[in-house]
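Colleague: See upload.pdb below, with PDB, C-alpha atoms and all ligand atoms.
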ATOM      1  CA  MET A  20      -9.364   7.219  10.437  1.00  0.00           C
ATOM      2  CA  LEU A  21      -7.594   3.854  10.336  1.00  0.00           C
ATOM      3  CA  ASN A  22      -8.469   0.476   8.896  1.00  0.00           C
ATOM      4  CA  PHE A  23      -6.782  -2.878   9.192  1.00  0.00           C
ATOM      5  CA  SER A  24      -4.793  -2.568   5.935  1.00  0.00           C
ATOM      6  CA  VAL A  25      -3.331   0.737   7.126  1.00  0.00           C
ATOM      7  CA  LEU A  26      -2.527  -0.715  10.546  1.00  0.00           C
ATOM      8  CA  LYS A  27      -1.002  -3.841   9.028  1.00  0.00           C
ATOM      9  CA  SER A  28       1.272  -1.758   6.853  1.00  0.00           C
ATOM     10  CA  PHE A  29       2.244   0.251   9.959  1.00  0.00           C
ATOM     11  CA  PHE A  30       2.921  -2.940  11.979  1.00  0.00           C
ATOM     12  CA  ASP A  31       5.066  -4.366   9.139  1.00  0.00           C
ATOM     13  CA  CYS A  32       7.272  -1.281   8.943  1.00  0.00           C
ATOM     14  CA  SER A  33       6.229   2.190   9.997  1.00  0.00           C
ATOM     15  CA  TYR A  34       8.618   3.784   7.487  1.00  0.00           C
ATOM     16  CA  ARG A  35       7.056   1.795   4.653  1.00  0.00           C
ATOM     17  CA  PHE A  36       3.663   2.958   5.914  1.00  0.00           C
ATOM     18  CA  LYS A  37       4.956   6.537   5.618  1.00  0.00           C
ATOM     19  CA  LEU A  38       6.217   5.984   2.059  1.00  0.00           C
ATOM     20  CA  ILE A  39       2.972   4.359   0.914  1.00  0.00           C
ATOM     21  CA  SER A  40       0.180   6.019   2.894  1.00  0.00           C
ATOM     22  CA  LEU A  41       1.590   9.494   3.466  1.00  0.00           C
ATOM     23  CA  TYR A  42       3.860  10.016   0.425  1.00  0.00           C
ATOM     24  CA  GLY A  43       1.877   7.960  -2.083  1.00  0.00           C
ATOM     25  CA  PHE A  44       4.601   5.570  -3.334  1.00  0.00           C
ATOM     26  CA  THR A  45       2.222   2.714  -4.027  1.00  0.00           C
ATOM     27  CA  GLN A  46       3.260  -0.724  -5.252  1.00  0.00           C
ATOM     28  CA  PRO A  47       2.503  -1.907  -8.792  1.00  0.00           C
ATOM     29  CA  ILE A  48      -0.741  -3.774  -9.343  1.00  0.00           C
ATOM     30  CA  SER A  49      -0.327  -7.552  -9.199  1.00  0.00           C
ATOM     31  CA  THR A  50      -1.987  -9.572 -11.948  1.00  0.00           C
ATOM     32  CA  PRO A  51      -4.126 -11.771  -9.621  1.00  0.00           C
ATOM     33  CA  MET A  52      -5.621  -8.619  -8.078  1.00  0.00           C
ATOM     34  CA  GLY A  53      -9.314  -9.225  -7.521  1.00  0.00           C
ATOM     35  CA  TYR A  54      -9.050 -12.956  -6.756  1.00  0.00           C
ATOM     36  CA  GLY A  55      -9.641 -12.600  -3.003  1.00  0.00           C
ATOM     37  CA  ARG A  56     -12.299  -9.896  -3.483  1.00  0.00           C
ATOM     38  CA  SER A  57     -14.148 -12.065  -6.049  1.00  0.00           C
ATOM     39  CA  ILE A  58     -14.374 -14.947  -3.556  1.00  0.00           C
ATOM     40  CA  HIS A  59     -15.463 -12.640  -0.734  1.00  0.00           C
ATOM     41  CA  ASN A  60     -18.237 -11.098  -2.865  1.00  0.00           C
ATOM     42  CA  LEU A  61     -19.436 -14.497  -4.035  1.00  0.00           C
ATOM     43  CA  LEU A  62     -19.591 -15.882  -0.487  1.00  0.00           C
ATOM     44  CA  MET A  63     -21.245 -12.705   0.746  1.00  0.00           C
ATOM     45  CA  GLU A  64     -24.132 -13.255  -1.685  1.00  0.00           C
ATOM     46  CA  ILE A  65     -24.453 -16.921  -0.654  1.00  0.00           C
ATOM     47  CA  HIS A  66     -24.489 -16.011   3.060  1.00  0.00           C
ATOM     48  CA  ARG A  67     -26.869 -13.083   2.657  1.00  0.00           C
ATOM     49  CA  LYS A  68     -29.269 -15.227   0.621  1.00  0.00           C
ATOM     50  CA  SER A  69     -29.128 -17.774   3.392  1.00  0.00           C
ATOM     51  CA  LEU A  70     -30.077 -15.049   5.893  1.00  0.00           C
ATOM     52  CA  GLU A  71     -33.123 -14.396   3.684  1.00  0.00           C
ATOM     53  CA  GLY A  72     -33.969 -18.121   3.766  1.00  0.00           C
ATOM     54  CA  ILE A  73     -32.740 -18.842   0.217  1.00  0.00           C
ATOM     55  CA  ASP A  74     -30.412 -21.849  -0.231  1.00  0.00           C
ATOM     56  CA  THR A  75     -27.661 -21.835  -2.856  1.00  0.00           C
ATOM     57  CA  GLU A  76     -27.279 -25.009  -4.910  1.00  0.00           C
ATOM     58  CA  ASP A  77     -24.416 -26.087  -7.173  1.00  0.00           C
ATOM     59  CA  LYS A  78     -26.598 -25.217 -10.182  1.00  0.00           C
ATOM     60  CA  ASP A  79     -26.615 -21.555  -9.063  1.00  0.00           C
ATOM     61  CA  LEU A  80     -22.826 -21.295  -9.161  1.00  0.00           C
ATOM     62  CA  PRO A  81     -22.269 -20.451 -12.874  1.00  0.00           C
ATOM     63  CA  ASP A  82     -24.414 -17.289 -12.539  1.00  0.00           C
ATOM     64  CA  LEU A  83     -22.735 -16.330  -9.263  1.00  0.00           C
ATOM     65  CA  LEU A  84     -19.282 -16.827 -10.785  1.00  0.00           C
ATOM     66  CA  ASN A  85     -20.161 -14.690 -13.800  1.00  0.00           C
ATOM     67  CA  LYS A  86     -21.490 -11.991 -11.511  1.00  0.00           C
ATOM     68  CA  HIS A  87     -18.662 -11.850  -8.969  1.00  0.00           C
ATOM     69  CA  VAL A  88     -15.395 -13.075 -10.479  1.00  0.00           C
ATOM     70  CA  HIS A  89     -13.553  -9.993 -11.686  1.00  0.00           C
ATOM     71  CA  LEU A  90      -9.848 -10.303 -12.530  1.00  0.00           C
ATOM     72  CA  PRO A  91      -9.138  -7.318 -14.773  1.00  0.00           C
ATOM     73  CA  TYR A  92      -5.364  -7.771 -15.053  1.00  0.00           C
ATOM     74  CA  GLU A  93      -5.160 -11.516 -15.716  1.00  0.00           C
ATOM     75  CA  THR A  94      -4.700 -13.135 -19.134  1.00  0.00           C
ATOM     76  CA  GLU A  95      -7.801 -14.868 -20.535  1.00  0.00           C
ATOM     77  CA  LYS A  96      -6.246 -18.295 -19.881  1.00  0.00           C
ATOM     78  CA  LYS A  97      -5.556 -17.501 -16.234  1.00  0.00           C
ATOM     79  CA  LYS A  98      -9.014 -15.984 -15.772  1.00  0.00           C
ATOM     80  CA  ILE A  99     -10.583 -19.279 -16.865  1.00  0.00           C
ATOM     81  CA  ALA A 100      -8.258 -21.271 -14.578  1.00  0.00           C
ATOM     82  CA  SER A 101      -9.048 -18.991 -11.610  1.00  0.00           C
ATOM     83  CA  LYS A 102     -12.783 -19.236 -12.286  1.00  0.00           C
ATOM     84  CA  ASP A 103     -12.543 -23.037 -12.281  1.00  0.00           C
ATOM     85  CA  LYS A 104     -10.602 -22.916  -9.044  1.00  0.00           C
ATOM     86  CA  ILE A 105     -13.174 -20.617  -7.383  1.00  0.00           C
ATOM     87  CA  ASN A 106     -15.970 -22.867  -8.637  1.00  0.00           C
ATOM     88  CA  THR A 107     -14.302 -25.912  -7.034  1.00  0.00           C
ATOM     89  CA  LEU A 108     -13.595 -24.252  -3.701  1.00  0.00           C
ATOM     90  CA  THR A 109     -17.092 -22.757  -3.487  1.00  0.00           C
ATOM     91  CA  LYS A 110     -18.649 -26.183  -4.133  1.00  0.00           C
ATOM     92  CA  LYS A 111     -16.440 -27.640  -1.414  1.00  0.00           C
ATOM     93  CA  TYR A 112     -17.336 -24.794   0.940  1.00  0.00           C
ATOM     94  CA  LEU A 113     -21.073 -25.342   0.361  1.00  0.00           C
ATOM     95  CA  GLU A 114     -20.769 -29.088   0.838  1.00  0.00           C
ATOM     96  CA  LEU A 115     -18.902 -28.715   4.142  1.00  0.00           C
ATOM     97  CA  ASN A 116     -20.716 -25.721   5.604  1.00  0.00           C
ATOM     98  CA  LYS A 117     -24.291 -25.390   4.373  1.00  0.00           C
ATOM     99  CA  ASP A 118     -25.656 -27.151   7.469  1.00  0.00           C
ATOM    100  CA  SER A 119     -24.216 -24.396   9.678  1.00  0.00           C
ATOM    101  CA  PHE A 120     -25.648 -21.526   7.608  1.00  0.00           C
ATOM    102  CA  LYS A 121     -28.592 -21.420  10.038  1.00  0.00           C
ATOM    103  CA  ASP A 122     -26.114 -20.024  12.632  1.00  0.00           C
ATOM    104  CA  ILE A 123     -25.161 -16.969  10.538  1.00  0.00           C
ATOM    105  CA  VAL A 124     -26.167 -13.645  12.061  1.00  0.00           C
ATOM    106  CA  PHE A 125     -24.146 -11.202   9.911  1.00  0.00           C
ATOM    107  CA  ALA A 126     -22.369 -11.485   6.553  1.00  0.00           C
ATOM    108  CA  GLU A 127     -19.866  -8.775   5.500  1.00  0.00           C
ATOM    109  CA  LYS A 128     -20.780  -6.393   8.262  1.00  0.00           C
ATOM    110  CA  ASP A 129     -19.218  -2.929   8.452  1.00  0.00           C
ATOM    111  CA  ILE A 130     -17.831  -1.859  11.793  1.00  0.00           C
ATOM    112  CA  GLN A 131     -16.669   1.482  13.110  1.00  0.00           C
ATOM    113  CA  LEU A 132     -14.773   1.970  16.344  1.00  0.00           C
ATOM    114  CA  ASP A 133     -14.302   5.215  18.202  1.00  0.00           C
ATOM    115  CA  LEU A 134     -11.261   4.840  20.456  1.00  0.00           C
ATOM    116  CA  GLY A 135     -11.302   8.462  21.673  1.00  0.00           C
ATOM    117  CA  ASP A 136      -8.837  11.325  21.020  1.00  0.00           C
ATOM    118  CA  GLY A 137      -9.914  11.439  17.393  1.00  0.00           C
ATOM    119  CA  ILE A 138      -8.923   7.816  16.695  1.00  0.00           C
ATOM    120  CA  MET A 139     -11.477   6.017  14.546  1.00  0.00           C
ATOM    121  CA  VAL A 140     -11.095   2.549  13.033  1.00  0.00           C
ATOM    122  CA  ASN A 141     -13.326   1.021  10.401  1.00  0.00           C
ATOM    123  CA  GLY A 142     -13.445  -2.375   8.749  1.00  0.00           C
ATOM    124  CA  ARG A 143     -15.627  -5.158   7.505  1.00  0.00           C
ATOM    125  CA  MET A 144     -16.149  -8.547   9.127  1.00  0.00           C
ATOM    126  CA  ASP A 145     -16.619 -11.499   6.762  1.00  0.00           C
ATOM    127  CA  LEU A 146     -19.003 -13.612   8.818  1.00  0.00           C
ATOM    128  CA  ILE A 147     -20.447 -13.903  12.304  1.00  0.00           C
ATOM    129  CA  LYS A 148     -22.011 -17.122  13.510  1.00  0.00           C
ATOM    130  CA  LYS A 149     -23.941 -17.592  16.696  1.00  0.00           C
ATOM    131  CA  LYS A 150     -24.519 -21.136  17.810  1.00  0.00           C
ATOM    132  CA  ASN A 151     -27.033 -22.232  20.412  1.00  0.00           C
ATOM    133  CA  LEU A 152     -25.535 -25.027  22.509  1.00  0.00           C
ATOM    134  CA  ASP A 153     -28.214 -26.217  24.932  1.00  0.00           C
ATOM    135  CA  GLY A 154     -29.393 -22.672  25.651  1.00  0.00           C
ATOM    136  CA  THR A 155     -25.903 -21.145  25.715  1.00  0.00           C
ATOM    137  CA  PHE A 156     -24.878 -19.015  22.755  1.00  0.00           C
ATOM    138  CA  THR A 157     -21.336 -18.925  21.396  1.00  0.00           C
ATOM    139  CA  THR A 158     -20.356 -16.309  18.864  1.00  0.00           C
ATOM    140  CA  THR A 159     -17.583 -16.821  16.303  1.00  0.00           C
ATOM    141  CA  ILE A 160     -16.143 -14.195  13.984  1.00  0.00           C
ATOM    142  CA  VAL A 161     -14.853 -15.803  10.784  1.00  0.00           C
ATOM    143  CA  ASP A 162     -12.336 -14.405   8.313  1.00  0.00           C
ATOM    144  CA  PHE A 163     -11.915 -16.073   4.919  1.00  0.00           C
ATOM    145  CA  LYS A 164      -8.454 -16.387   3.461  1.00  0.00           C
ATOM    146  CA  SER A 165      -7.348 -17.476   0.032  1.00  0.00           C
ATOM    147  CA  ARG A 166      -3.987 -18.158  -1.604  1.00  0.00           C
ATOM    148  CA  GLU A 167      -3.541 -14.425  -2.248  1.00  0.00           C
ATOM    149  CA  ASP A 168      -3.711 -13.586   1.459  1.00  0.00           C
ATOM    150  CA  VAL A 169      -0.157 -14.241   2.491  1.00  0.00           C
ATOM    151  CA  GLN A 170      -0.290 -12.658   5.932  1.00  0.00           C
ATOM    152  CA  ILE A 171       0.828 -14.788   8.850  1.00  0.00           C
ATOM    153  CA  ARG A 172      -1.616 -16.355  11.307  1.00  0.00           C
ATOM    154  CA  GLU A 173      -0.826 -13.962  14.186  1.00  0.00           C
ATOM    155  CA  VAL A 174      -1.596 -10.973  11.959  1.00  0.00           C
ATOM    156  CA  SER A 175      -4.899 -12.511  10.862  1.00  0.00           C
ATOM    157  CA  MET A 176      -5.846 -13.179  14.487  1.00  0.00           C
ATOM    158  CA  GLU A 177      -4.944  -9.546  15.324  1.00  0.00           C
ATOM    159  CA  GLN A 178      -7.236  -8.469  12.482  1.00  0.00           C
ATOM    160  CA  LEU A 179     -10.041 -10.641  13.869  1.00  0.00           C
ATOM    161  CA  SER A 180      -9.478  -9.258  17.346  1.00  0.00           C
ATOM    162  CA  LEU A 181      -9.947  -5.761  15.949  1.00  0.00           C
ATOM    163  CA  TYR A 182     -13.208  -6.892  14.349  1.00  0.00           C
ATOM    164  CA  ALA A 183     -14.240  -8.387  17.687  1.00  0.00           C
ATOM    165  CA  LEU A 184     -13.821  -4.932  19.221  1.00  0.00           C
ATOM    166  CA  GLY A 185     -16.067  -3.599  16.462  1.00  0.00           C
ATOM    167  CA  TYR A 186     -18.588  -6.356  17.083  1.00  0.00           C
ATOM    168  CA  GLN A 187     -18.666  -5.480  20.784  1.00  0.00           C
ATOM    169  CA  GLU A 188     -19.316  -1.833  19.930  1.00  0.00           C
ATOM    170  CA  LEU A 189     -22.028  -2.860  17.468  1.00  0.00           C
ATOM    171  CA  SER A 190     -23.865  -5.419  19.582  1.00  0.00           C
ATOM    172  CA  GLY A 191     -22.718  -4.835  23.159  1.00  0.00           C
ATOM    173  CA  GLU A 192     -21.626  -8.497  23.224  1.00  0.00           C
ATOM    174  CA  LYS A 193     -18.205 -10.095  23.402  1.00  0.00           C
ATOM    175  CA  ALA A 194     -17.462 -12.695  20.728  1.00  0.00           C
ATOM    176  CA  ASP A 195     -16.260 -16.064  22.047  1.00  0.00           C
ATOM    177  CA  PHE A 196     -14.092 -17.354  19.210  1.00  0.00           C
ATOM    178  CA  LEU A 197     -12.055 -16.075  16.257  1.00  0.00           C
ATOM    179  CA  GLN A 198     -11.693 -18.271  13.214  1.00  0.00           C
ATOM    180  CA  ILE A 199      -9.543 -18.213  10.066  1.00  0.00           C
ATOM    181  CA  TYR A 200     -11.039 -20.276   7.253  1.00  0.00           C
ATOM    182  CA  ASN A 201      -8.564 -20.980   4.466  1.00  0.00           C
ATOM    183  CA  LEU A 202     -10.660 -21.673   1.366  1.00  0.00           C
ATOM    184  CA  ASP A 203      -7.725 -22.790  -0.752  1.00  0.00           C
ATOM    185  CA  GLU A 204      -6.871 -25.778   1.414  1.00  0.00           C
ATOM    186  CA  GLU A 205      -7.766 -29.083  -0.177  1.00  0.00           C
ATOM    187  CA  LEU A 206      -9.761 -29.987   2.938  1.00  0.00           C
ATOM    188  CA  PRO A 207     -10.134 -26.789   4.998  1.00  0.00           C
ATOM    189  CA  HIS A 208      -9.200 -26.985   8.675  1.00  0.00           C
ATOM    190  CA  PRO A 209     -10.713 -23.839  10.191  1.00  0.00           C
ATOM    191  CA  ASP A 210      -8.219 -22.377  12.654  1.00  0.00           C
ATOM    192  CA  THR A 211     -10.198 -21.355  15.753  1.00  0.00           C
ATOM    193  CA  LYS A 212      -8.947 -19.460  18.807  1.00  0.00           C
ATOM    194  CA  GLU A 213     -10.837 -18.599  21.977  1.00  0.00           C
ATOM    195  CA  LEU A 214     -11.145 -14.861  22.575  1.00  0.00           C
ATOM    196  CA  PHE A 215     -10.480 -13.411  26.030  1.00  0.00           C
ATOM    197  CA  ASN A 216     -11.022  -9.933  27.428  1.00  0.00           C
ATOM    198  CA  GLU A 217      -7.226  -9.530  27.685  1.00  0.00           C
ATOM    199  CA  ASP A 218      -6.943 -10.025  23.895  1.00  0.00           C
ATOM    200  CA  LEU A 219      -9.456  -7.254  23.299  1.00  0.00           C
ATOM    201  CA  ASN A 220      -7.711  -4.925  25.744  1.00  0.00           C
ATOM    202  CA  SER A 221      -4.273  -5.510  24.229  1.00  0.00           C
ATOM    203  CA  THR A 222      -5.595  -4.984  20.675  1.00  0.00           C
ATOM    204  CA  LYS A 223      -7.260  -1.752  21.756  1.00  0.00           C
ATOM    205  CA  GLN A 224      -4.040  -0.570  23.396  1.00  0.00           C
ATOM    206  CA  LEU A 225      -2.019  -1.535  20.326  1.00  0.00           C
ATOM    207  CA  ILE A 226      -4.266   0.540  18.062  1.00  0.00           C
ATOM    208  CA  ILE A 227      -4.158   3.563  20.384  1.00  0.00           C
ATOM    209  CA  THR A 228      -0.349   3.388  20.639  1.00  0.00           C
ATOM    210  CA  SER A 229      -0.024   2.992  16.856  1.00  0.00           C
ATOM    211  CA  ALA A 230      -2.379   5.912  16.166  1.00  0.00           C
ATOM    212  CA  ASN A 231      -0.438   8.141  18.573  1.00  0.00           C
ATOM    213  CA  GLN A 232       2.834   7.188  16.873  1.00  0.00           C
ATOM    214  CA  ILE A 233       1.339   8.015  13.465  1.00  0.00           C
ATOM    215  CA  MET A 234       0.027  11.368  14.718  1.00  0.00           C
ATOM    216  CA  SER A 235       3.423  12.154  16.273  1.00  0.00           C
ATOM    217  CA  ASN A 236       5.201  11.184  13.037  1.00  0.00           C
ATOM    218  CA  ILE A 237       7.271   8.501  14.768  1.00  0.00           C
ATOM    219  CA  LEU A 238       7.672   6.402  11.649  1.00  0.00           C
ATOM    220  CA  ASN A 239      11.016   4.647  11.818  1.00  0.00           C
ATOM    221  CA  LYS A 240      12.504   1.949   9.643  1.00  0.00           C
ATOM    222  CA  THR A 241      11.929  -1.589  10.817  1.00  0.00           C
ATOM    223  CA  CYS A 242      14.933  -3.408  12.233  1.00  0.00           C
ATOM    224  CA  ASN A 243      13.931  -6.564  10.419  1.00  0.00           C
ATOM    225  CA  LYS A 244      16.291  -7.467   7.581  1.00  0.00           C
ATOM    226  CA  LYS A 245      13.995 -10.265   6.397  1.00  0.00           C
ATOM    227  CA  MET A 246      11.225  -7.690   5.892  1.00  0.00           C
ATOM    228  CA  CYS A 247      13.567  -5.372   3.961  1.00  0.00           C
ATOM    229  CA  ASP A 248      14.735  -8.175   1.673  1.00  0.00           C
ATOM    230  CA  THR A 249      11.195  -8.611   0.363  1.00  0.00           C
ATOM    231  CA  CYS A 250      10.112  -4.947   0.503  1.00  0.00           C
ATOM    232  CA  TYR A 251       9.287  -3.211  -2.762  1.00  0.00           C
ATOM    233  CA  GLN A 252      10.189   0.166  -1.236  1.00  0.00           C
ATOM    234  CA  VAL A 253      13.819  -0.853  -0.657  1.00  0.00           C
ATOM    235  CA  LYS A 254      14.678   1.031  -3.864  1.00  0.00           C
ATOM    236  CA  LEU A 255      13.694   4.246  -2.128  1.00  0.00           C
ATOM    237  CA  CYS A 256      14.757   3.628   1.426  1.00  0.00           C
ATOM    238  CA  SER A 257      17.812   1.346   1.226  1.00  0.00           C
ATOM    239  CA  GLY A 258      16.483  -0.818   4.037  1.00  0.00           C
ATOM    240  CA  VAL A 259      17.539  -1.343   7.577  1.00  0.00           C
ATOM    241  CA  GLN A 260      21.093  -0.102   8.242  1.00  0.00           C
TER     242      GLN A 260
HETATM  243  S1  LIG A 301      13.186  -1.479   2.999  1.00  0.00           S
HETATM  244 FE1  LIG A 301      12.921  -2.101   5.143  1.00  0.00          FE
HETATM  245  S2  LIG A 301      13.060  -0.231   6.343  1.00  0.00           S
HETATM  246 FE2  LIG A 301      12.724   0.345   4.207  1.00  0.00          FE
HETATM  247  S3  LIG A 301      10.529   0.592   4.016  1.00  0.00           S
HETATM  248 FE3  LIG A 301      10.998  -1.489   3.423  1.00  0.00          FE
HETATM  249  S4  LIG A 301      10.768  -2.722   5.265  1.00  0.00           S
HETATM  250 FE4  LIG A 301      10.911  -0.582   5.877  1.00  0.00          FE
END
Could the structure of this file be written out as structure tokens, please?
Ligand code: SF4
Modeller:
Amino acid sequence: MLNFSVLKSFFDCSYRFKLISLYGFTQPISTPMGYGRSIHNLLMEIHRKSLEGIDTEDKDLPDLLNKHVHLPYETEKKKIASKDKINTLTKKYLELNKDSFKDIVFAEKDIQLDLGDGIMVNGRMDLIKKKNLDGTFTTTIVDFKSREDVQIREVSMEQLSLYALGYQELSGEKADFLQIYNLDEELPHPDTKELFNEDLNSTKQLIITSANQIMSNILNKTCNKKMCDTCYQVKLCSGVQ
């Protein structure tokens, strides 16, 4: 059973994946832990309410923030600052996007993929929008990012492509676009990419190859010095030789 976090750790460095996922050498908790999850949970409630026909107004935000913002390892001062920041970006998000809420078909939807040979992948898509353009529907899978999500664009698009495979399994339909929405940008510029069948096939093949490598215990050190220089596990593994 794989998920995107496991796969990402494997793509970064398969030896690090072995140290963390198989041997249990986890990294220390970072103090902003919970920031990204708090935003995701808050937006999930807004989107799901919209699916039920209930609009969220600015006046509803204090209650939503109290309910969803959970930063257990931050100092009180930083918790207040983060709450203010989430309040601002949620207001901005509502202002810019509420008119397109009518296009939402799923919010935080679980997916499960069976790729055969005992390989299963699960995950959760943030948002799926389906827009009717003169009788033609286009489907976009959206992933929200915040300042705590430091992964590079290509990795995020790979993640979305995996979700698109899950969406296809769930609905029998191919999504048309993948979109990364960075909430922490002053004025968000959603990064949208058209999705082709070749992208889905190569993602599927990548997952199958990765799963086979994991099952065969082919978990070598990365040859990327830049990765080693910022790797917490370098104390155990000494890095690329
Ligand atoms: S130090 Fe380098 S080789 Fe070792 S686990 Fe980290 S990234 Fe991999």
Colleague: Find, counting all atoms listed in the file, the residue in A:Glu114, A:Asp162, A:Asp210, A:Asp248 that gets nearest to ligand LIG 301 (chain A).
Modeller: A:Asp248
Colleague: As a check of understanding, name the residues that the PyMOL selection byres (((chain A and resi 59) around 10) and not hetatm) selects in the supplied structure, as a ChimeraX atom specification.
Modeller: /A:53-58,60-65,87-88,127,145,162-165
Colleague: Within 6 Å of ligand LIG 301 (chain A) (counting only C-alpha atoms and all ligand atoms), which residues show up? I'd like them as a ChimeraX atom specification.
Modeller: /A:32,34-35,240-241,246-247,250,252-253,256-259
Colleague: For a cutoff of 6 Å around the file-coordinate point (-24.7, -20.7, 11.9), which residues qualify once you count only C-alpha atoms? I'd like the result as a list in words.
Modeller: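 Residues satisfying the cut-off, written out: Ser119, Phe120, Lys121, Asp122, Ile123, Lys148, Lys149 and Lys150 of chain A.
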Colleague: Record the distance separating atom CA of Ser40 of chain A and atom CA of Met52 of chain A, expressed in Å with one decimal.
Modeller: 19.2 Å
Colleague: Using all atoms listed in the file, which protein or nucleic acid residues come within 8 Å of segment 223-231 of chain A? Drop anything in the same chain fewer than 3 positions from it, and give the result as a count of residues only.
Modeller: 10
Colleague: Mind pulling up the distance from atom CA of Pro47 of chain A to atom CA of Asn85 of chain A?
Modeller: 26.5 Å
Colleague: Just so the selection is clear, what residues does the PyMOL selection byres (((chain A and resi 91-98) around 8) and not hetatm) cover here, as a list in words?
Modeller: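 Checking the PyMOL selection byres (((chain A and resi 91-98) around 8) and not hetatm) against this file, the residues are Ser49, Thr50, Pro51, Met52, Gly53, His89, Leu90, Ile99, Ala100, Ser101 and Lys102 of chain A.
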